[in-house]
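Undergrad: Coordinates in coords-v1.txt, compact mmCIF, C-alpha atoms and all ligand atoms, are listed below.
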```txt
# COMPACT_ATOMS: atom_id res chain seq x y z
CA MET A 1 -1.87 12.66 4.42
CA PRO A 2 -1.46 13.90 8.01
CA LEU A 3 -4.57 14.45 10.08
CA GLY A 4 -5.94 17.95 9.97
CA GLN A 5 -5.23 18.46 6.26
CA SER A 6 -8.16 18.42 3.94
CA HIS A 7 -8.51 15.44 1.68
CA ASN A 8 -10.97 14.23 -0.86
CA SER A 9 -13.82 12.45 0.81
CA HIS A 10 -16.17 10.15 -1.08
CA ALA A 11 -18.94 12.20 0.55
CA ASP A 12 -17.90 15.02 -1.79
CA SER A 13 -19.22 13.82 -5.13
CA SER A 14 -18.12 17.01 -6.95
CA ARG A 15 -14.49 15.82 -6.99
CA PRO A 16 -13.09 13.02 -9.09
CA PRO A 17 -12.37 9.82 -7.19
CA ARG A 18 -8.93 9.74 -5.60
CA ARG A 19 -6.43 7.34 -7.16
CA GLY A 20 -3.85 5.45 -5.20
CA VAL A 21 -1.19 2.77 -5.50
CA VAL A 22 0.05 -0.07 -3.36
CA GLY A 23 3.48 -1.73 -3.57
CA VAL A 24 3.64 -5.44 -2.74
CA ILE A 25 7.07 -6.87 -1.91
CA MET A 26 7.27 -10.65 -1.43
CA GLU A 27 10.55 -12.31 -0.41
CA GLN A 28 10.92 -15.95 0.61
CA GLY A 29 7.16 -16.26 1.04
CA LYS A 30 6.85 -13.16 3.22
CA LEU A 31 5.17 -9.87 2.44
CA LEU A 32 6.43 -6.48 3.56
CA VAL A 33 3.64 -5.02 5.69
CA ILE A 34 3.58 -1.59 7.29
CA ARG A 35 1.73 -0.37 10.32
CA ARG A 36 0.45 3.12 9.56
CA SER A 37 1.58 5.93 11.83
CA ARG A 38 -0.82 7.35 14.39
CA LEU A 39 -0.74 10.69 12.47
CA VAL A 40 -2.42 9.54 9.25
CA ARG A 41 -5.88 8.39 8.26
CA ALA A 42 -6.66 4.90 9.56
CA PRO A 43 -4.01 5.29 12.29
CA LEU A 44 -2.10 2.19 13.35
CA LYS A 45 -3.84 -0.02 10.78
CA TYR A 46 -1.73 -2.54 8.88
CA CYS A 47 -1.42 -2.38 5.09
CA PHE A 48 1.09 -2.42 2.26
CA PRO A 49 3.17 0.66 1.55
CA GLY A 50 1.48 3.06 -0.85
CA GLY A 51 -0.53 6.23 -1.16
CA SER A 52 -2.16 8.70 -3.49
CA ILE A 53 -1.12 9.28 -7.10
CA GLU A 54 -0.10 12.91 -7.60
CA PRO A 55 -1.16 14.92 -10.65
CA GLY A 56 0.92 14.02 -13.69
CA GLU A 57 2.33 10.83 -12.17
CA THR A 58 1.99 7.37 -13.65
CA GLU A 59 1.04 4.54 -11.31
CA GLN A 60 4.61 3.22 -11.46
CA GLN A 61 6.09 6.62 -10.60
CA ALA A 62 3.72 6.89 -7.63
CA VAL A 63 4.77 3.42 -6.39
CA LEU A 64 8.45 4.41 -6.63
CA ARG A 65 7.83 7.67 -4.78
CA GLU A 66 5.74 6.12 -2.01
CA LEU A 67 8.26 3.34 -1.32
CA ASP A 68 10.98 5.97 -1.12
CA GLU A 69 8.96 8.36 1.07
CA GLU A 70 7.65 5.75 3.50
CA LEU A 71 10.54 3.29 3.70
CA ALA A 72 13.50 4.90 1.89
CA LEU A 73 13.54 1.95 -0.50
CA ASP A 74 14.80 2.30 -4.05
CA VAL A 75 12.72 -0.36 -5.78
CA THR A 76 11.98 -1.84 -9.19
CA VAL A 77 8.34 -1.98 -10.20
CA GLY A 78 7.17 -5.33 -11.59
CA LYS A 79 3.74 -6.30 -12.85
CA LYS A 80 0.35 -4.95 -11.92
CA LEU A 81 -1.29 -7.46 -9.61
CA TRP A 82 -4.78 -6.13 -9.07
CA HIS A 83 -7.06 -3.14 -9.16
CA CYS A 84 -9.94 -2.27 -6.86
CA THR A 85 -12.11 0.52 -5.56
CA THR A 86 -11.90 0.78 -1.79
CA SER A 87 -14.75 1.40 0.62
CA TRP A 88 -13.54 5.04 0.70
CA GLY A 89 -14.03 5.33 -3.06
CA VAL A 90 -10.32 5.26 -3.84
CA ASP A 91 -9.36 3.75 -7.17
CA LEU A 92 -6.40 1.61 -6.07
CA ALA A 93 -3.78 -0.10 -8.27
CA TRP A 94 -1.69 -2.89 -6.72
CA TRP A 95 1.81 -3.38 -8.14
CA GLN A 96 4.47 -5.95 -7.42
CA VAL A 97 7.73 -4.36 -6.34
CA PHE A 98 11.27 -5.73 -5.93
CA ARG A 99 13.99 -4.35 -3.70
CA ASP A 100 17.65 -5.14 -3.35
CA PRO A 101 17.51 -7.30 -0.17
CA SER A 102 20.69 -5.70 1.18
CA GLN A 103 18.71 -2.47 1.45
CA GLU A 104 16.93 -2.32 4.81
CA PRO A 105 13.72 -0.30 5.05
CA GLN A 106 14.01 2.92 7.06
CA ILE A 107 10.65 4.16 8.22
CA ALA A 108 9.45 7.75 7.89
CA PRO A 109 7.82 8.06 11.34
CA SER A 110 5.25 10.66 10.24
CA GLU A 111 3.79 8.04 7.90
CA VAL A 112 4.85 4.64 9.18
CA ASP A 113 4.87 3.31 12.73
CA SER A 114 6.72 0.06 12.01
CA TYR A 115 7.16 -2.66 9.39
CA TYR A 116 6.97 -6.45 9.40
CA TRP A 117 7.62 -9.44 7.15
CA MET A 118 4.56 -11.70 7.24
CA THR A 119 3.17 -14.65 5.35
CA ALA A 120 -0.21 -14.08 3.69
CA ALA A 121 -1.74 -16.38 6.33
CA GLU A 122 -0.28 -14.28 9.15
CA MET A 123 -1.49 -11.11 7.51
CA GLN A 124 -5.00 -12.44 6.95
CA VAL A 125 -5.62 -12.91 10.66
CA LEU A 126 -4.58 -9.37 11.62
CA ARG A 127 -7.56 -7.61 13.10
CA ASP A 128 -6.37 -4.14 12.13
CA LEU A 129 -5.82 -4.62 8.41
CA LEU A 130 -7.30 -2.14 5.90
CA PRO A 131 -10.48 -3.76 4.51
CA SER A 132 -9.48 -4.12 0.84
CA ASN A 133 -6.41 -6.05 1.92
CA TYR A 134 -8.54 -8.99 3.08
CA GLU A 135 -9.98 -9.23 -0.44
CA PHE A 136 -6.47 -9.08 -1.94
CA LEU A 137 -5.28 -11.87 0.37
CA LYS A 138 -8.32 -14.00 -0.44
CA LEU A 139 -7.59 -13.72 -4.17
CA LEU A 140 -3.94 -14.54 -3.48
CA ALA A 141 -4.95 -17.68 -1.56
CA GLN A 142 -7.20 -18.69 -4.47
CA GLN A 143 -4.30 -18.04 -6.87
CA ALA A 144 -6.47 -15.57 -8.75
CA ILE A 145 -3.55 -13.22 -8.07
CA THR A 146 -0.02 -14.59 -8.45
CA ILE A 147 3.14 -12.93 -7.21
CA ASP A 148 6.41 -13.63 -9.04
CA GLU A 149 9.55 -14.76 -7.21
CA ALA A 150 12.17 -12.07 -6.82
CA PRO A 151 14.64 -12.29 -9.76
N1 LIG B 1 -1.04 2.49 1.47
C1 LIG B 1 -2.07 1.66 1.36
N2 LIG B 1 -3.29 2.17 1.14
C2 LIG B 1 -4.29 1.29 1.06
C3 LIG B 1 -4.10 -0.12 1.17
N3 LIG B 1 -5.29 -0.74 1.07
C4 LIG B 1 -6.21 0.25 0.91
O1 LIG B 1 -7.41 0.11 0.78
N4 LIG B 1 -5.59 1.49 0.89
C5 LIG B 1 -6.25 2.78 0.67
C6 LIG B 1 -6.17 3.74 1.82
C7 LIG B 1 -6.24 5.09 1.14
O2 LIG B 1 -7.58 5.41 0.84
C8 LIG B 1 -5.57 4.88 -0.19
C9 LIG B 1 -4.19 5.48 -0.27
O3 LIG B 1 -3.38 5.23 0.79
P1 LIG B 1 -2.89 6.20 2.00
O4 LIG B 1 -4.01 6.58 2.88
O5 LIG B 1 -1.74 5.45 2.56
O6 LIG B 1 -2.34 7.47 1.28
P2 LIG B 1 -2.79 8.99 1.40
O7 LIG B 1 -4.09 9.17 0.77
O8 LIG B 1 -2.65 9.42 2.81
O9 LIG B 1 -1.72 9.64 0.49
P3 LIG B 1 -0.22 10.05 0.77
O10 LIG B 1 -0.31 11.32 1.53
O11 LIG B 1 0.49 8.95 1.49
O12 LIG B 1 0.26 10.22 -0.64
O13 LIG B 1 -5.61 3.46 -0.39
C10 LIG B 1 -2.81 -0.62 1.38
O14 LIG B 1 -2.55 -1.83 1.50
N5 LIG B 1 -1.83 0.31 1.46
```
How would this structure read if it were set down as structure tokens?
TA:
Amino acid sequence: MPLGQSHNSHADSSRPPRRGVVGVIMEQGKLLVIRRSRLVRAPLKYCFPGGSIEPGETEQQAVLRELDEELALDVTVGKKLWHCTTSWGVDLAWWQVFRDPSQEPQIAPSEVDSYYWMTAAEMQVLRDLLPSNYEFLKLLAQQAITIDEAP
């Protein structure tokens, strides 16, 4: 959501908690990481592609839409990897996603500054990662979360 637009804040307890999705793509041991644009909340932070679930959407439909909107990727949604509530009170579902590797991501600059392929270890030492992502990476390192190889 661009800056300046209203959005649901966890300070406003009269609204239901916001729900979001994250799409995790792993290829040859590397994760697809985005750097958020300077126009959105948490500007220039690193995270996985994703965003809010719109009314009437399933989690999988929201993952498909966000990967298309942010990176112009036409993906296949795999298994649900994790679920958490972020420090902002967002109910966040983490899904594994597969792309056709011949399809290069094309960033939507209003939402994404840049993208990177990183190992979990490289990602874990980023200083500007969204907080819940450290927890995700810790569980991945402990093999409490397992990501399937691309088919
Ligand atoms: N995209 C994304 N969001 C994350 C991650 N980790 C994490 O805690 N979040 C939080 C930040 C937001 O509160 C929420 C949804 O993501 P967002 O900020 O990108 O999306 P948004 O609400 O602006 O919605 P949208 O306009 O893109 O649909 O999930 C992550 O790895 N990727």
Undergrad: Enumerate as a compact mmCIF listing (two decimals) with C-alpha atoms, keeping the file's coordinate frame the residues within 7 Å of ligand LIG 1 (chain B), counting only C-alpha atoms and all ligand atoms.
TA:
```txt
# COMPACT_ATOMS: atom_id res chain seq x y z
CA MET A 1 -1.87 12.66 4.42
CA PRO A 2 -1.46 13.90 8.01
CA GLY A 20 -3.85 5.45 -5.20
CA VAL A 21 -1.19 2.77 -5.50
CA VAL A 22 0.05 -0.07 -3.36
CA VAL A 40 -2.42 9.54 9.25
CA ARG A 41 -5.88 8.39 8.26
CA CYS A 47 -1.42 -2.38 5.09
CA PHE A 48 1.09 -2.42 2.26
CA PRO A 49 3.17 0.66 1.55
CA GLY A 50 1.48 3.06 -0.85
CA GLY A 51 -0.53 6.23 -1.16
CA SER A 52 -2.16 8.70 -3.49
CA ILE A 53 -1.12 9.28 -7.10
CA GLU A 66 5.74 6.12 -2.01
CA THR A 86 -11.90 0.78 -1.79
CA TRP A 88 -13.54 5.04 0.70
CA VAL A 90 -10.32 5.26 -3.84
CA LEU A 92 -6.40 1.61 -6.07
CA LEU A 130 -7.30 -2.14 5.90
CA PRO A 131 -10.48 -3.76 4.51
CA SER A 132 -9.48 -4.12 0.84
CA ASN A 133 -6.41 -6.05 1.92
```
Undergrad: Nearest to Glu69 (chain A) among A:Glu111, A:Asp148, A:Glu27, A:Asp128, with distances taken over all atoms listed in the file: which residue is it?
TA: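 Counting all atoms listed in the file, the residue closest to Glu69 (chain A) is A:Glu111.
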Undergrad: Select, from A:Gln143, A:Thr119, A:Thr58, A:Ser114, the residue with the minimum atom-to-atom distance to Ile34 (chain A), counting all atoms listed in the file.
TA: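 Looking at the shortest contact to Ile34 (chain A), the residue is A:Ser114.
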Undergrad: Separation of CA of Trp94 (chain A) and CA of Val125 (chain A), in Å?
TA: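 One can read the CA of Trp94 (chain A) to CA of Val125 (chain A) distance as 20.4 Å.
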Undergrad: Point out the residue among A:Leu140, A:Leu64, A:Ala121, A:Ala42 with the least atom-to-atom distance to Lys30 (chain A), counting all atoms listed in the file.
TA: A:Ala121
Undergrad: In Å, how far is it from CA of Leu137 (chain A) to CA of Met123 (chain A)?
TA: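 CA of Leu137 (chain A) sits 8.1 Å away from CA of Met123 (chain A).
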Undergrad: Pull the neighbourhood of (5.9, -8.7, -15.1) for me: all residues within 12 Å in file coordinates, counting only C-alpha atoms, as an mmCIF file with C-alpha atoms, keeping the file's coordinate frame.
TA:
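What follows is the written file part04.cif:
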```cif
data_model
loop_
_atom_site.group_PDB
_atom_site.id
_atom_site.type_symbol
_atom_site.label_atom_id
_atom_site.label_comp_id
_atom_site.auth_asym_id
_atom_site.auth_seq_id
_atom_site.Cartn_x
_atom_site.Cartn_y
_atom_site.Cartn_z
ATOM 1 C CA THR A 76 11.980 -1.840 -9.190
ATOM 2 C CA VAL A 77 8.340 -1.980 -10.200
ATOM 3 C CA GLY A 78 7.170 -5.330 -11.590
ATOM 4 C CA LYS A 79 3.740 -6.300 -12.850
ATOM 5 C CA LYS A 80 0.350 -4.950 -11.920
ATOM 6 C CA LEU A 81 -1.290 -7.460 -9.610
ATOM 7 C CA TRP A 95 1.810 -3.380 -8.140
ATOM 8 C CA GLN A 96 4.470 -5.950 -7.420
ATOM 9 C CA VAL A 97 7.730 -4.360 -6.340
ATOM 10 C CA PHE A 98 11.270 -5.730 -5.930
ATOM 11 C CA THR A 146 -0.020 -14.590 -8.450
ATOM 12 C CA ILE A 147 3.140 -12.930 -7.210
ATOM 13 C CA ASP A 148 6.410 -13.630 -9.040
ATOM 14 C CA GLU A 149 9.550 -14.760 -7.210
ATOM 15 C CA ALA A 150 12.170 -12.070 -6.820
ATOM 16 C CA PRO A 151 14.640 -12.290 -9.760
#
```
Undergrad: Would you mind listing what lies within 9 Å of Leu44 (chain A) as a PyMOL selection string, with only C-alpha atoms counted and same-chain residues fewer than 4 positions away left out?
TA: chain A and resi 35-40+112-113+128
Undergrad: Write out the residues from the selection above, keeping C-alpha atoms, as a PDB file, keeping the file's coordinate frame.
TA:
```pdb
ATOM      1  CA  ARG A  35       1.730  -0.370  10.320  1.00  0.00           C
ATOM      2  CA  ARG A  36       0.450   3.120   9.560  1.00  0.00           C
ATOM      3  CA  SER A  37       1.580   5.930  11.830  1.00  0.00           C
ATOM      4  CA  ARG A  38      -0.820   7.350  14.390  1.00  0.00           C
ATOM      5  CA  LEU A  39      -0.740  10.690  12.470  1.00  0.00           C
ATOM      6  CA  VAL A  40      -2.420   9.540   9.250  1.00  0.00           C
ATOM      7  CA  VAL A 112       4.850   4.640   9.180  1.00  0.00           C
ATOM      8  CA  ASP A 113       4.870   3.310  12.730  1.00  0.00           C
ATOM      9  CA  ASP A 128      -6.370  -4.140  12.130  1.00  0.00           C
TER      10      ASP A 128
END
```
Undergrad: Figure out the distance between CA of Asp68 (chain A) and CA of Gln106 (chain A), please, to one decimal in Å.
TA: 9.2 Å
Undergrad: As lines of an AutoDock Vina configuration file, please: the centre and edge lengths in Å, to one decimal, of an axis-aligned box enclosing every listed atom of region 101-106 of chain A with 3 Å added on each side.
TA:
```
center_x = 17.2
center_y = -2.2
center_z = 3.4
size_x = 13.0
size_y = 16.2
size_z = 13.2
```
Undergrad: Go through A:Gly23, A:Arg99, A:Tyr46, A:Leu73 one by one, measure the shortest atom-to-atom distance of each to Gln124 (chain A) using only C-alpha atoms, and give the residue with the smallest value.
TA: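 Once distances to Gln124 (chain A) are computed over only C-alpha atoms, the minimum belongs to A:Tyr46.
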Undergrad: Nearest to Ser102 (chain A): which of A:Asp74, A:Trp117, A:Trp82, A:Leu126 is it, counting all atoms listed in the file?
TA: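 Closest to Ser102 (chain A) of all the choices is A:Asp74.
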Undergrad: Since the input is missing atoms for region 24-60 of chain A, could you rebuild it with N, CA and C atoms and give the result as a compact mmCIF listing (two decimals), in the coordinates of the input?
TA:
```txt
# COMPACT_ATOMS: atom_id res chain seq x y z
N VAL A 24 3.60 -4.14 -3.44
CA VAL A 24 3.64 -5.44 -2.74
C VAL A 24 5.02 -6.05 -2.94
N ILE A 25 5.75 -6.22 -1.85
CA ILE A 25 7.07 -6.87 -1.91
C ILE A 25 6.94 -8.24 -1.25
N MET A 26 7.29 -9.29 -1.99
CA MET A 26 7.27 -10.65 -1.43
C MET A 26 8.68 -11.22 -1.54
N GLU A 27 9.23 -11.66 -0.41
CA GLU A 27 10.55 -12.31 -0.41
C GLU A 27 10.48 -13.55 0.44
N GLN A 28 10.91 -14.67 -0.11
CA GLN A 28 10.92 -15.95 0.61
C GLN A 28 9.57 -16.20 1.29
N GLY A 29 8.51 -15.96 0.55
CA GLY A 29 7.16 -16.26 1.04
C GLY A 29 6.61 -15.25 2.02
N LYS A 30 7.35 -14.16 2.27
CA LYS A 30 6.85 -13.16 3.22
C LYS A 30 6.63 -11.82 2.55
N LEU A 31 5.56 -11.17 3.00
CA LEU A 31 5.17 -9.87 2.44
C LEU A 31 5.63 -8.75 3.36
N LEU A 32 6.04 -7.65 2.76
CA LEU A 32 6.43 -6.48 3.56
C LEU A 32 5.17 -5.68 3.90
N VAL A 33 4.86 -5.65 5.18
CA VAL A 33 3.64 -5.02 5.69
C VAL A 33 4.04 -3.82 6.54
N ILE A 34 3.31 -2.72 6.39
CA ILE A 34 3.58 -1.59 7.29
C ILE A 34 2.43 -1.43 8.28
N ARG A 35 2.76 -0.86 9.42
CA ARG A 35 1.73 -0.37 10.32
C ARG A 35 1.72 1.14 10.15
N ARG A 36 0.55 1.69 9.84
CA ARG A 36 0.45 3.12 9.56
C ARG A 36 0.73 3.92 10.82
N SER A 37 1.27 5.11 10.66
CA SER A 37 1.58 5.93 11.83
C SER A 37 0.27 6.39 12.49
N ARG A 38 0.40 6.88 13.71
CA ARG A 38 -0.82 7.35 14.39
C ARG A 38 -1.24 8.74 13.89
N LEU A 39 -0.46 9.33 12.95
CA LEU A 39 -0.74 10.69 12.47
C LEU A 39 -1.54 10.72 11.17
N VAL A 40 -1.75 9.57 10.55
CA VAL A 40 -2.42 9.54 9.25
C VAL A 40 -3.82 8.97 9.38
N ARG A 41 -4.57 9.03 8.28
CA ARG A 41 -5.88 8.39 8.26
C ARG A 41 -5.73 6.90 8.56
N ALA A 42 -6.73 6.31 9.16
CA ALA A 42 -6.66 4.90 9.56
C ALA A 42 -5.40 4.65 10.40
N PRO A 43 -5.24 5.41 11.49
CA PRO A 43 -4.01 5.29 12.29
C PRO A 43 -3.80 3.88 12.84
N LEU A 44 -2.56 3.47 12.78
CA LEU A 44 -2.10 2.19 13.35
C LEU A 44 -2.70 0.95 12.69
N LYS A 45 -3.37 1.15 11.55
CA LYS A 45 -3.84 -0.02 10.78
C LYS A 45 -2.65 -0.60 10.01
N TYR A 46 -2.76 -1.87 9.67
CA TYR A 46 -1.73 -2.54 8.88
C TYR A 46 -2.14 -2.49 7.40
N CYS A 47 -1.15 -2.38 6.54
CA CYS A 47 -1.42 -2.38 5.09
C CYS A 47 -0.09 -2.52 4.36
N PHE A 48 -0.14 -2.47 3.05
CA PHE A 48 1.09 -2.42 2.26
C PHE A 48 1.50 -0.96 2.12
N PRO A 49 2.78 -0.72 1.84
CA PRO A 49 3.17 0.66 1.55
C PRO A 49 2.42 1.19 0.33
N GLY A 50 2.18 2.47 0.29
CA GLY A 50 1.48 3.06 -0.85
C GLY A 50 0.88 4.40 -0.49
N GLY A 51 0.10 4.94 -1.41
CA GLY A 51 -0.53 6.23 -1.16
C GLY A 51 -1.14 6.79 -2.42
N SER A 52 -1.45 8.07 -2.37
CA SER A 52 -2.16 8.70 -3.49
C SER A 52 -1.23 8.94 -4.69
N ILE A 53 -1.84 8.91 -5.87
CA ILE A 53 -1.12 9.28 -7.10
C ILE A 53 -1.22 10.79 -7.25
N GLU A 54 -0.09 11.45 -7.46
CA GLU A 54 -0.10 12.91 -7.60
C GLU A 54 -0.35 13.29 -9.06
N PRO A 55 -0.87 14.51 -9.27
CA PRO A 55 -1.16 14.92 -10.65
C PRO A 55 0.06 14.76 -11.55
N GLY A 56 -0.16 14.18 -12.72
CA GLY A 56 0.92 14.02 -13.69
C GLY A 56 1.75 12.78 -13.50
N GLU A 57 1.54 12.05 -12.42
CA GLU A 57 2.33 10.83 -12.17
C GLU A 57 1.68 9.62 -12.83
N THR A 58 2.51 8.69 -13.27
CA THR A 58 1.99 7.37 -13.65
C THR A 58 1.86 6.55 -12.37
N GLU A 59 1.16 5.43 -12.48
CA GLU A 59 1.04 4.54 -11.31
C GLU A 59 2.43 4.08 -10.85
N GLN A 60 3.27 3.72 -11.83
CA GLN A 60 4.61 3.22 -11.46
C GLN A 60 5.44 4.30 -10.76
```
